[in-house]
Amino acid sequence: MDKNSKIYVAGHHGLVGSAILRKLNEKFSNILVRTHNELDLRNQKAVEQFFQKEQPEYVFLAAAKVGGIKANLDYPASFIYDNLMINTNVIHAAYTYGVKKLLFLGSSCIYPRDCQQPIKEEYLLTGPLEKTNEPYAVAKIAGITLCHAYNCQYGTNFITCMPTNLYGPNDNFDEQSSHVLAALIKKIYAAYLLKNDSVVIWGTGNPYREFLYVDDLADAGLFLMEHYNGNGIVNIGTGTDIKIIDLAHLIKKIVGYNGEFTFDRTKPDGMPRKLLNSEIIRKLRWKPTYSLEEGIRKTVAWYKERYSKAEV
Ligand code: GFB
């Protein structure tokens, strides 16, 4: 990619897309974006017309219907339908209109629920998926398979990466539909402001999760777009994970909250662990910049600035 390459960022308002846009704005001057209202990526005709008119050279496919464990349980049909349509329409249009390179962003939930840890890319489809996010995972696996099949049949250059759990500015902080780190920031900060005695943690607090600050993901995505050409999926993680209850205590320390934690065991734990093996991207000489504590401090600062007391 050079400075004037025409680059389309699909999903630029979301956690990942907005981070990729920030990163690209540092180096490139011809970046294309469309809001959901301007272009519904589930509509094949609209996507074809957009690609025909704009002829992007590079595509970052960060658009997706995303959400935490409860959102996946509440809306399984939306998670599989929306993501299948988005992935299929954008990948096919990218082929039809000659996109030079496309980066497809998957998710660590594509791997089998009980596979060996840390998870290597080769473990894909070697066992049953985690039930709580199977529809979403199947749509992401379909997206990976689409990219690989188009590369084989049509000679396209559509690369695929699998980030671990992500967090950072522009995340979804809605208590019901968000992922755990954003949800805990919202709940713990609200309890701090309102001087509540305790904060509820869903499940047992015993699962482990690996968290990558979203600006590191954006840096990795641009790195792969510029330096990686291949049909293998590439994991993007930090290499360390943390127990959910210990994550809650870390956020509690950063926010300055002094209350306690209680557990709502009616909520599911999901995968017991999903620590990625990121050796492939490490061997390509990429590694993350932010520690978990640094990333949480930056996210809490962003959250405090963005959300007044009235909205907590
Ligand atoms: O982040 P999360 O919603 O999704 O939940 P997954 C991670 C763990 O945190 C689960 C626990 O064990 C939750 O029970 N948890 C504790 C909470 N308190 C909370 C809370 O207040 N809110 C939330 N949301 N969780 C997602 C997939 O799985 O991983 C997505 O559902 C995607 O589709 C994403 O793949 C990367 O990490 O379990």
# chains A, B, ... in the order shown; residues from 1 in each chain; ligands from 1
call {"tool": "residues_around", "arguments": {"residues": "Gly106 in chain A", "least_positions_apart": "4", "cutoff": "12 Å", "atoms": "only C-alpha atoms", "output": "PyMOL selection string"}}
result
chain A and resi 16+60-66+83+87+110-111+121+136-145+147+159-166+217+221+233-236
call {"tool": "residues_near_ligand", "arguments": {"ligand": "ligand 1", "cutoff": "8 Å", "atoms": "only C-alpha atoms and all ligand atoms", "output": "number ranges by chain"}}
result
A: 66-72, 107-110, 132-133, 136-137, 163-166, 175-184, 187, 200-209, 244-245, 267-272
call {"tool": "select_by_dssp", "arguments": {"residues": "range 35-256 of chain A", "states": "helix (DSSP H, G or I)", "output": "PyMOL selection string"}}
result
chain A and resi 44-54+69-74+76-96+108-110+121-123+131-154+180-194+214-227+244-255
call {"tool": "atom_distance", "arguments": {"atom1": "CA of Asp241 in chain A", "atom2": "CA of Lys23 in chain A"}}
result
25.4 Å
call {"tool": "closest_residue", "arguments": {"among": "A:Asp215, A:Glu210, A:Asp2, A:Asp82", "to": "Gly237 in chain A", "atoms": "only C-alpha atoms"}}
result
A:Glu210
call {"tool": "atom_distance", "arguments": {"atom1": "CA of Leu129 in chain A", "atom2": "CA of Ser78 in chain A"}}
result
18.1 Å
call {"tool": "select_by_dssp", "arguments": {"residues": "range 80-228 of chain A", "states": "strand (DSSP E or B)", "output": "PyMOL selection string"}}
result
chain A and resi 101-105+119+158-163+165-167+198-202+208-209+211-213
call {"tool": "write_last_selection", "arguments": {"atoms": "N, CA and C atoms", "output": "CSV table (one decimal), in the first residue's frame"}}
result
chain,number,residue,atom,x,y,z
A,101,LYS,N,-5.9,-6.5,-2.0
A,101,LYS,CA,-5.6,-7.3,-0.8
A,101,LYS,C,-6.7,-6.9,0.2
A,102,LEU,N,-7.2,-8.0,0.9
A,102,LEU,CA,-8.2,-7.8,1.9
A,102,LEU,C,-7.8,-8.5,3.2
A,103,LEU,N,-8.0,-7.8,4.3
A,103,LEU,CA,-7.7,-8.4,5.7
A,103,LEU,C,-9.1,-8.7,6.3
A,104,PHE,N,-9.3,-10.0,6.6
A,104,PHE,CA,-10.5,-10.5,7.3
A,104,PHE,C,-10.2,-10.7,8.8
A,105,LEU,N,-11.0,-10.1,9.6
A,105,LEU,CA,-10.8,-10.2,11.0
A,105,LEU,C,-11.8,-11.2,11.6
A,119,ILE,N,-3.7,-22.0,22.1
A,119,ILE,CA,-4.4,-22.4,20.9
A,119,ILE,C,-3.6,-22.1,19.7
A,158,PHE,N,-6.5,-12.5,0.0
A,158,PHE,CA,-7.4,-12.2,1.1
A,158,PHE,C,-6.8,-12.9,2.3
A,159,ILE,N,-6.2,-12.1,3.2
A,159,ILE,CA,-5.6,-12.7,4.4
A,159,ILE,C,-6.5,-12.7,5.6
A,160,THR,N,-6.3,-13.6,6.5
A,160,THR,CA,-7.2,-13.8,7.7
A,160,THR,C,-6.4,-13.8,9.0
A,161,CYS,N,-6.9,-13.0,10.0
A,161,CYS,CA,-6.3,-13.0,11.3
A,161,CYS,C,-7.3,-13.2,12.4
A,162,MET,N,-6.8,-13.8,13.5
A,162,MET,CA,-7.7,-14.2,14.6
A,162,MET,C,-7.3,-13.4,15.9
A,163,PRO,N,-7.8,-12.3,16.1
A,163,PRO,CA,-7.5,-11.6,17.4
A,163,PRO,C,-8.1,-12.3,18.6
A,165,ASN,N,-9.5,-11.6,22.7
A,165,ASN,CA,-10.5,-10.7,23.2
A,165,ASN,C,-9.9,-9.3,23.2
A,166,LEU,N,-10.7,-8.3,22.6
A,166,LEU,CA,-10.2,-7.0,22.5
A,166,LEU,C,-11.0,-6.0,23.4
A,167,TYR,N,-10.3,-4.9,23.6
A,167,TYR,CA,-11.0,-3.8,24.4
A,167,TYR,C,-10.3,-2.5,24.1
A,198,SER,N,-21.2,-3.2,46.3
A,198,SER,CA,-20.7,-4.3,45.6
A,198,SER,C,-21.0,-4.3,44.1
A,199,VAL,N,-20.3,-5.0,43.3
A,199,VAL,CA,-20.5,-5.2,41.8
A,199,VAL,C,-20.7,-6.6,41.5
A,200,VAL,N,-21.7,-6.9,40.6
A,200,VAL,CA,-22.0,-8.3,40.2
A,200,VAL,C,-21.1,-8.7,39.1
A,201,ILE,N,-20.4,-9.9,39.3
A,201,ILE,CA,-19.7,-10.5,38.2
A,201,ILE,C,-20.5,-11.7,37.7
A,202,TRP,N,-20.6,-11.8,36.4
A,202,TRP,CA,-21.4,-12.9,35.8
A,202,TRP,C,-20.6,-14.2,35.9
A,208,TYR,N,-10.5,-18.0,32.3
A,208,TYR,CA,-9.4,-17.1,32.0
A,208,TYR,C,-9.7,-16.4,30.6
A,209,ARG,N,-9.2,-15.2,30.4
A,209,ARG,CA,-9.3,-14.6,29.1
A,209,ARG,C,-8.0,-13.8,28.9
A,211,PHE,N,-6.5,-10.6,26.8
A,211,PHE,CA,-7.0,-9.3,26.3
A,211,PHE,C,-5.9,-8.5,25.6
A,212,LEU,N,-6.3,-8.0,24.4
A,212,LEU,CA,-5.3,-7.2,23.6
A,212,LEU,C,-5.9,-5.8,23.4
A,213,TYR,N,-5.2,-4.8,23.7
A,213,TYR,CA,-5.6,-3.4,23.6
A,213,TYR,C,-5.9,-3.2,22.1
call {"tool": "residues_around", "arguments": {"residues": "Gly259 in chain A", "least_positions_apart": "4", "cutoff": "10 Å", "atoms": "only C-alpha atoms", "output": "number ranges by chain"}}
result
A: 188, 191-192, 195-199, 252
call {"tool": "write_last_selection", "arguments": {"atoms": "all heavy atoms", "output": "mmCIF file, in the first residue's frame"}}
result
data_model
loop_
_atom_site.group_PDB
_atom_site.id
_atom_site.type_symbol
_atom_site.label_atom_id
_atom_site.label_comp_id
_atom_site.auth_asym_id
_atom_site.auth_seq_id
_atom_site.Cartn_x
_atom_site.Cartn_y
_atom_site.Cartn_z
ATOM 1 N N ILE A 188 -18.008 -1.095 37.518
ATOM 2 C CA ILE A 188 -17.155 -0.709 38.655
ATOM 3 C C ILE A 188 -17.077 0.811 38.776
ATOM 4 O O ILE A 188 -17.146 1.369 39.882
ATOM 5 C CB ILE A 188 -15.755 -1.358 38.522
ATOM 6 C CG1 ILE A 188 -15.868 -2.883 38.708
ATOM 7 C CG2 ILE A 188 -14.775 -0.762 39.527
ATOM 8 C CD1 ILE A 188 -14.606 -3.657 38.344
ATOM 9 N N ALA A 191 -20.332 1.981 40.282
ATOM 10 C CA ALA A 191 -20.375 1.666 41.722
ATOM 11 C C ALA A 191 -19.488 2.642 42.501
ATOM 12 O O ALA A 191 -19.827 3.066 43.615
ATOM 13 C CB ALA A 191 -19.904 0.233 41.955
ATOM 14 N N TYR A 192 -18.375 3.036 41.899
ATOM 15 C CA TYR A 192 -17.464 4.016 42.523
ATOM 16 C C TYR A 192 -18.163 5.365 42.684
ATOM 17 O O TYR A 192 -18.182 5.955 43.765
ATOM 18 C CB TYR A 192 -16.224 4.153 41.646
ATOM 19 C CG TYR A 192 -15.365 5.355 41.932
ATOM 20 C CD1 TYR A 192 -14.502 5.373 43.021
ATOM 21 C CD2 TYR A 192 -15.434 6.487 41.107
ATOM 22 C CE1 TYR A 192 -13.715 6.482 43.292
ATOM 23 C CE2 TYR A 192 -14.655 7.606 41.370
ATOM 24 C CZ TYR A 192 -13.803 7.598 42.462
ATOM 25 O OH TYR A 192 -13.036 8.711 42.720
ATOM 26 N N LYS A 195 -21.147 5.071 45.035
ATOM 27 C CA LYS A 195 -20.753 4.521 46.349
ATOM 28 C C LYS A 195 -21.530 3.236 46.691
ATOM 29 O O LYS A 195 -21.965 3.040 47.854
ATOM 30 C CB LYS A 195 -20.913 5.578 47.440
ATOM 31 C CG LYS A 195 -20.007 6.810 47.237
ATOM 32 C CD LYS A 195 -20.136 7.829 48.350
ATOM 33 C CE LYS A 195 -19.143 8.991 48.234
ATOM 34 N NZ LYS A 195 -18.964 9.510 46.869
ATOM 35 N N ASN A 196 -21.730 2.396 45.698
ATOM 36 C CA ASN A 196 -22.398 1.107 45.940
ATOM 37 C C ASN A 196 -21.452 0.144 46.647
ATOM 38 O O ASN A 196 -20.244 0.178 46.437
ATOM 39 C CB ASN A 196 -22.839 0.498 44.611
ATOM 40 C CG ASN A 196 -23.960 1.336 43.985
ATOM 41 O OD1 ASN A 196 -24.541 2.182 44.662
ATOM 42 N ND2 ASN A 196 -24.220 1.120 42.705
ATOM 43 N N ASP A 197 -22.014 -0.760 47.443
ATOM 44 C CA ASP A 197 -21.182 -1.687 48.242
ATOM 45 C C ASP A 197 -20.536 -2.779 47.404
ATOM 46 O O ASP A 197 -19.490 -3.309 47.748
ATOM 47 C CB ASP A 197 -22.053 -2.360 49.332
ATOM 48 C CG ASP A 197 -22.542 -1.324 50.341
ATOM 49 O OD1 ASP A 197 -21.870 -0.271 50.432
ATOM 50 O OD2 ASP A 197 -23.576 -1.565 50.982
ATOM 51 N N SER A 198 -21.233 -3.179 46.306
ATOM 52 C CA SER A 198 -20.696 -4.343 45.567
ATOM 53 C C SER A 198 -21.033 -4.254 44.079
ATOM 54 O O SER A 198 -21.882 -3.473 43.664
ATOM 55 C CB SER A 198 -21.298 -5.637 46.140
ATOM 56 O OG SER A 198 -22.701 -5.639 45.914
ATOM 57 N N VAL A 199 -20.317 -5.049 43.297
ATOM 58 C CA VAL A 199 -20.503 -5.151 41.843
ATOM 59 C C VAL A 199 -20.698 -6.628 41.497
ATOM 60 O O VAL A 199 -19.990 -7.491 42.042
ATOM 61 C CB VAL A 199 -19.276 -4.600 41.083
ATOM 62 C CG1 VAL A 199 -19.334 -4.964 39.604
ATOM 63 C CG2 VAL A 199 -19.186 -3.089 41.274
ATOM 64 N N LYS A 252 -10.769 -2.597 39.545
ATOM 65 C CA LYS A 252 -11.142 -1.976 40.826
ATOM 66 C C LYS A 252 -9.998 -1.091 41.323
ATOM 67 O O LYS A 252 -10.207 0.056 41.731
ATOM 68 C CB LYS A 252 -11.437 -3.082 41.845
ATOM 69 C CG LYS A 252 -11.612 -2.623 43.277
ATOM 70 C CD LYS A 252 -11.905 -3.808 44.201
ATOM 71 C CE LYS A 252 -11.842 -3.392 45.666
ATOM 72 N NZ LYS A 252 -12.177 -4.518 46.589
#
call {"tool": "closest_residue", "arguments": {"among": "A:Asn157, A:Asn170, A:Asn43, A:Thr238", "to": "Thr299 in chain A", "atoms": "only C-alpha atoms"}}
result
A:Asn170
call {"tool": "atom_distance", "arguments": {"atom1": "CA of Ile31 in chain A", "atom2": "CA of His148 in chain A"}}
result
25.5 Å
call {"tool": "closest_residue", "arguments": {"among": "A:Phe50, A:Tyr189, A:Phe79, A:Tyr150", "to": "Tyr257 in chain A", "atoms": "only C-alpha atoms"}}
result
A:Tyr189
call {"tool": "closest_residue", "arguments": {"among": "A:Ala301, A:Arg22, A:Ala10, A:Tyr123", "to": "Glu38 in chain A", "atoms": "only C-alpha atoms"}}
result
A:Ala10
call {"tool": "residues_around", "arguments": {"residues": "Tyr95 in chain A", "least_positions_apart": "5", "cutoff": "9 Å", "atoms": "only C-alpha atoms", "output": "list of chain:residue names"}}
result
A:Val90, A:Lys100, A:Tyr150, A:Tyr154, A:Thr156
call {"tool": "write_last_selection", "arguments": {"atoms": "C-alpha atoms", "output": "mmCIF file, in the first residue's frame"}}
result
data_model
loop_
_atom_site.group_PDB
_atom_site.id
_atom_site.type_symbol
_atom_site.label_atom_id
_atom_site.label_comp_id
_atom_site.auth_asym_id
_atom_site.auth_seq_id
_atom_site.Cartn_x
_atom_site.Cartn_y
_atom_site.Cartn_z
ATOM 1 C CA VAL A 90 -17.771 -7.947 0.986
ATOM 2 C CA LYS A 100 -5.597 -6.133 -4.438
ATOM 3 C CA TYR A 150 -11.264 -17.412 -3.301
ATOM 4 C CA TYR A 154 -9.380 -16.938 -8.236
ATOM 5 C CA THR A 156 -7.068 -13.320 -4.736
#
call {"tool": "closest_residue", "arguments": {"among": "A:Pro169, A:Pro112, A:Pro135, A:Gly155", "to": "Lys274 in chain A", "atoms": "only C-alpha atoms"}}
result
A:Pro112
call {"tool": "decode", "arguments": {"residues": "range 84-233 of chain A", "atoms": "C-alpha atoms", "output": "PDB file, in the first residue's frame"}}
result
ATOM      1  CA  LEU A  84     -22.564 -14.477   7.042  1.00  0.00           C
ATOM      2  CA  MET A  85     -24.124 -11.789   4.828  1.00  0.00           C
ATOM      3  CA  ILE A  86     -21.485  -9.147   5.634  1.00  0.00           C
ATOM      4  CA  ASN A  87     -18.596 -11.562   5.078  1.00  0.00           C
ATOM      5  CA  THR A  88     -20.014 -13.096   1.893  1.00  0.00           C
ATOM      6  CA  ASN A  89     -21.019  -9.810   0.272  1.00  0.00           C
ATOM      7  CA  VAL A  90     -17.771  -7.947   0.986  1.00  0.00           C
ATOM      8  CA  ILE A  91     -15.446 -10.835   0.112  1.00  0.00           C
ATOM      9  CA  HIS A  92     -17.289 -11.620  -3.136  1.00  0.00           C
ATOM     10  CA  ALA A  93     -17.431  -7.954  -4.193  1.00  0.00           C
ATOM     11  CA  ALA A  94     -13.721  -7.595  -3.365  1.00  0.00           C
ATOM     12  CA  TYR A  95     -13.030 -10.440  -5.800  1.00  0.00           C
ATOM     13  CA  THR A  96     -15.449  -9.165  -8.461  1.00  0.00           C
ATOM     14  CA  TYR A  97     -13.976  -5.649  -8.489  1.00  0.00           C
ATOM     15  CA  GLY A  98     -10.329  -6.600  -8.266  1.00  0.00           C
ATOM     16  CA  VAL A  99      -9.372  -5.598  -4.719  1.00  0.00           C
ATOM     17  CA  LYS A 100      -5.597  -6.133  -4.438  1.00  0.00           C
ATOM     18  CA  LYS A 101      -5.649  -7.296  -0.802  1.00  0.00           C
ATOM     19  CA  LEU A 102      -8.243  -7.786   1.931  1.00  0.00           C
ATOM     20  CA  LEU A 103      -7.747  -8.384   5.657  1.00  0.00           C
ATOM     21  CA  PHE A 104     -10.485 -10.473   7.273  1.00  0.00           C
ATOM     22  CA  LEU A 105     -10.797 -10.174  11.041  1.00  0.00           C
ATOM     23  CA  GLY A 106     -12.038 -13.272  12.826  1.00  0.00           C
ATOM     24  CA  SER A 107     -12.195 -14.084  16.516  1.00  0.00           C
ATOM     25  CA  SER A 108     -10.607 -16.504  18.970  1.00  0.00           C
ATOM     26  CA  CYS A 109     -14.022 -18.099  19.594  1.00  0.00           C
ATOM     27  CA  ILE A 110     -13.635 -20.004  16.290  1.00  0.00           C
ATOM     28  CA  TYR A 111     -11.472 -22.579  18.074  1.00  0.00           C
ATOM     29  CA  PRO A 112     -12.819 -25.717  19.792  1.00  0.00           C
ATOM     30  CA  ARG A 113     -14.128 -25.163  23.325  1.00  0.00           C
ATOM     31  CA  ASP A 114     -11.739 -27.620  24.973  1.00  0.00           C
ATOM     32  CA  CYS A 115      -8.716 -27.532  22.679  1.00  0.00           C
ATOM     33  CA  GLN A 116      -5.160 -27.585  23.967  1.00  0.00           C
ATOM     34  CA  GLN A 117      -3.885 -24.229  25.281  1.00  0.00           C
ATOM     35  CA  PRO A 118      -2.231 -22.061  24.071  1.00  0.00           C
ATOM     36  CA  ILE A 119      -4.360 -22.445  20.922  1.00  0.00           C
ATOM     37  CA  LYS A 120      -2.515 -22.922  17.616  1.00  0.00           C
ATOM     38  CA  GLU A 121      -4.118 -21.959  14.293  1.00  0.00           C
ATOM     39  CA  GLU A 122      -3.999 -25.635  13.247  1.00  0.00           C
ATOM     40  CA  TYR A 123      -6.511 -26.560  15.988  1.00  0.00           C
ATOM     41  CA  LEU A 124      -9.335 -24.979  13.944  1.00  0.00           C
ATOM     42  CA  LEU A 125     -12.224 -27.431  13.332  1.00  0.00           C
ATOM     43  CA  THR A 126     -10.628 -30.199  15.421  1.00  0.00           C
ATOM     44  CA  GLY A 127     -13.421 -30.265  17.997  1.00  0.00           C
ATOM     45  CA  PRO A 128     -16.842 -28.943  19.021  1.00  0.00           C
ATOM     46  CA  LEU A 129     -17.295 -25.198  19.444  1.00  0.00           C
ATOM     47  CA  GLU A 130     -18.357 -23.357  22.606  1.00  0.00           C
ATOM     48  CA  LYS A 131     -22.163 -23.427  22.531  1.00  0.00           C
ATOM     49  CA  THR A 132     -22.649 -19.839  23.774  1.00  0.00           C
ATOM     50  CA  ASN A 133     -21.076 -18.373  20.639  1.00  0.00           C
ATOM     51  CA  GLU A 134     -21.385 -21.158  18.036  1.00  0.00           C
ATOM     52  CA  PRO A 135     -23.511 -19.164  15.523  1.00  0.00           C
ATOM     53  CA  TYR A 136     -21.021 -16.278  15.537  1.00  0.00           C
ATOM     54  CA  ALA A 137     -18.068 -18.668  15.351  1.00  0.00           C
ATOM     55  CA  VAL A 138     -19.582 -20.558  12.393  1.00  0.00           C
ATOM     56  CA  ALA A 139     -20.052 -17.262  10.507  1.00  0.00           C
ATOM     57  CA  LYS A 140     -16.426 -16.303  11.212  1.00  0.00           C
ATOM     58  CA  ILE A 141     -15.187 -19.740  10.136  1.00  0.00           C
ATOM     59  CA  ALA A 142     -17.214 -19.322   6.937  1.00  0.00           C
ATOM     60  CA  GLY A 143     -15.480 -15.983   6.354  1.00  0.00           C
ATOM     61  CA  ILE A 144     -12.056 -17.603   6.759  1.00  0.00           C
ATOM     62  CA  THR A 145     -13.032 -20.408   4.397  1.00  0.00           C
ATOM     63  CA  LEU A 146     -14.381 -17.934   1.839  1.00  0.00           C
ATOM     64  CA  CYS A 147     -11.064 -16.057   1.808  1.00  0.00           C
ATOM     65  CA  HIS A 148      -9.025 -19.251   1.420  1.00  0.00           C
ATOM     66  CA  ALA A 149     -11.341 -20.652  -1.287  1.00  0.00           C
ATOM     67  CA  TYR A 150     -11.264 -17.412  -3.301  1.00  0.00           C
ATOM     68  CA  ASN A 151      -7.469 -17.287  -2.997  1.00  0.00           C
ATOM     69  CA  CYS A 152      -7.247 -20.864  -4.340  1.00  0.00           C
ATOM     70  CA  GLN A 153      -9.805 -20.567  -7.154  1.00  0.00           C
ATOM     71  CA  TYR A 154      -9.380 -16.938  -8.236  1.00  0.00           C
ATOM     72  CA  GLY A 155      -5.860 -16.062  -7.090  1.00  0.00           C
ATOM     73  CA  THR A 156      -7.068 -13.320  -4.736  1.00  0.00           C
ATOM     74  CA  ASN A 157      -4.927 -12.140  -1.805  1.00  0.00           C
ATOM     75  CA  PHE A 158      -7.377 -12.204   1.085  1.00  0.00           C
ATOM     76  CA  ILE A 159      -5.561 -12.731   4.390  1.00  0.00           C
ATOM     77  CA  THR A 160      -7.192 -13.760   7.678  1.00  0.00           C
ATOM     78  CA  CYS A 161      -6.256 -12.966  11.275  1.00  0.00           C
ATOM     79  CA  MET A 162      -7.710 -14.150  14.603  1.00  0.00           C
ATOM     80  CA  PRO A 163      -7.491 -11.559  17.378  1.00  0.00           C
ATOM     81  CA  THR A 164      -7.969 -12.546  21.016  1.00  0.00           C
ATOM     82  CA  ASN A 165     -10.534 -10.671  23.170  1.00  0.00           C
ATOM     83  CA  LEU A 166     -10.221  -6.959  22.450  1.00  0.00           C
ATOM     84  CA  TYR A 167     -10.952  -3.794  24.421  1.00  0.00           C
ATOM     85  CA  GLY A 168     -10.302  -0.058  24.297  1.00  0.00           C
ATOM     86  CA  PRO A 169     -11.828   3.272  23.186  1.00  0.00           C
ATOM     87  CA  ASN A 170     -15.153   3.089  21.266  1.00  0.00           C
ATOM     88  CA  ASP A 171     -15.930  -0.305  22.773  1.00  0.00           C
ATOM     89  CA  ASN A 172     -19.567  -1.194  23.489  1.00  0.00           C
ATOM     90  CA  PHE A 173     -20.162  -0.473  27.193  1.00  0.00           C
ATOM     91  CA  ASP A 174     -23.803  -1.567  27.344  1.00  0.00           C
ATOM     92  CA  GLU A 175     -24.132  -3.834  30.391  1.00  0.00           C
ATOM     93  CA  GLN A 176     -26.197  -6.497  28.639  1.00  0.00           C
ATOM     94  CA  SER A 177     -24.526  -6.758  25.219  1.00  0.00           C
ATOM     95  CA  SER A 178     -20.890  -5.847  25.908  1.00  0.00           C
ATOM     96  CA  HIS A 179     -17.810  -7.994  26.459  1.00  0.00           C
ATOM     97  CA  VAL A 180     -16.491  -8.521  29.959  1.00  0.00           C
ATOM     98  CA  LEU A 181     -13.733  -5.903  30.188  1.00  0.00           C
ATOM     99  CA  ALA A 182     -15.948  -3.045  28.998  1.00  0.00           C
ATOM    100  CA  ALA A 183     -18.838  -4.270  31.169  1.00  0.00           C
ATOM    101  CA  LEU A 184     -16.647  -4.370  34.278  1.00  0.00           C
ATOM    102  CA  ILE A 185     -15.285  -0.862  33.634  1.00  0.00           C
ATOM    103  CA  LYS A 186     -18.832   0.450  33.347  1.00  0.00           C
ATOM    104  CA  LYS A 187     -20.147  -1.407  36.411  1.00  0.00           C
ATOM    105  CA  ILE A 188     -17.155  -0.709  38.655  1.00  0.00           C
ATOM    106  CA  TYR A 189     -16.974   2.978  37.710  1.00  0.00           C
ATOM    107  CA  ALA A 190     -20.738   3.364  38.325  1.00  0.00           C
ATOM    108  CA  ALA A 191     -20.375   1.666  41.722  1.00  0.00           C
ATOM    109  CA  TYR A 192     -17.464   4.016  42.523  1.00  0.00           C
ATOM    110  CA  LEU A 193     -19.490   7.133  41.635  1.00  0.00           C
ATOM    111  CA  LEU A 194     -22.665   5.934  43.369  1.00  0.00           C
ATOM    112  CA  LYS A 195     -20.753   4.521  46.349  1.00  0.00           C
ATOM    113  CA  ASN A 196     -22.398   1.107  45.940  1.00  0.00           C
ATOM    114  CA  ASP A 197     -21.182  -1.687  48.242  1.00  0.00           C
ATOM    115  CA  SER A 198     -20.696  -4.343  45.567  1.00  0.00           C
ATOM    116  CA  VAL A 199     -20.503  -5.151  41.843  1.00  0.00           C
ATOM    117  CA  VAL A 200     -21.953  -8.293  40.240  1.00  0.00           C
ATOM    118  CA  ILE A 201     -19.652 -10.530  38.213  1.00  0.00           C
ATOM    119  CA  TRP A 202     -21.373 -12.927  35.806  1.00  0.00           C
ATOM    120  CA  GLY A 203     -20.672 -16.646  36.184  1.00  0.00           C
ATOM    121  CA  THR A 204     -18.042 -17.958  38.595  1.00  0.00           C
ATOM    122  CA  GLY A 205     -15.245 -15.510  37.776  1.00  0.00           C
ATOM    123  CA  ASN A 206     -12.988 -18.543  37.233  1.00  0.00           C
ATOM    124  CA  PRO A 207     -12.563 -18.555  33.416  1.00  0.00           C
ATOM    125  CA  TYR A 208      -9.392 -17.096  31.964  1.00  0.00           C
ATOM    126  CA  ARG A 209      -9.321 -14.552  29.129  1.00  0.00           C
ATOM    127  CA  GLU A 210      -6.504 -12.990  27.121  1.00  0.00           C
ATOM    128  CA  PHE A 211      -6.995  -9.292  26.345  1.00  0.00           C
ATOM    129  CA  LEU A 212      -5.336  -7.228  23.608  1.00  0.00           C
ATOM    130  CA  TYR A 213      -5.641  -3.423  23.570  1.00  0.00           C
ATOM    131  CA  VAL A 214      -7.373  -2.453  20.340  1.00  0.00           C
ATOM    132  CA  ASP A 215      -4.629  -0.063  19.137  1.00  0.00           C
ATOM    133  CA  ASP A 216      -2.239  -3.020  19.237  1.00  0.00           C
ATOM    134  CA  LEU A 217      -4.716  -4.983  17.095  1.00  0.00           C
ATOM    135  CA  ALA A 218      -4.893  -2.122  14.589  1.00  0.00           C
ATOM    136  CA  ASP A 219      -1.080  -2.030  14.458  1.00  0.00           C
ATOM    137  CA  ALA A 220      -0.980  -5.798  13.880  1.00  0.00           C
ATOM    138  CA  GLY A 221      -3.633  -5.561  11.143  1.00  0.00           C
ATOM    139  CA  LEU A 222      -1.681  -2.932   9.218  1.00  0.00           C
ATOM    140  CA  PHE A 223       1.527  -4.907   9.783  1.00  0.00           C
ATOM    141  CA  LEU A 224      -0.041  -8.040   8.249  1.00  0.00           C
ATOM    142  CA  MET A 225      -1.550  -6.076   5.359  1.00  0.00           C
ATOM    143  CA  GLU A 226       1.918  -4.725   4.551  1.00  0.00           C
ATOM    144  CA  HIS A 227       4.063  -7.791   5.273  1.00  0.00           C
ATOM    145  CA  TYR A 228       2.026 -11.031   5.203  1.00  0.00           C
ATOM    146  CA  ASN A 229       0.778 -12.900   2.157  1.00  0.00           C
ATOM    147  CA  GLY A 230      -0.495 -16.407   2.763  1.00  0.00           C
ATOM    148  CA  ASN A 231      -3.480 -18.681   3.203  1.00  0.00           C
ATOM    149  CA  GLY A 232      -2.871 -19.498   6.836  1.00  0.00           C
ATOM    150  CA  ILE A 233      -4.799 -17.781   9.573  1.00  0.00           C
TER     151      ILE A 233
END
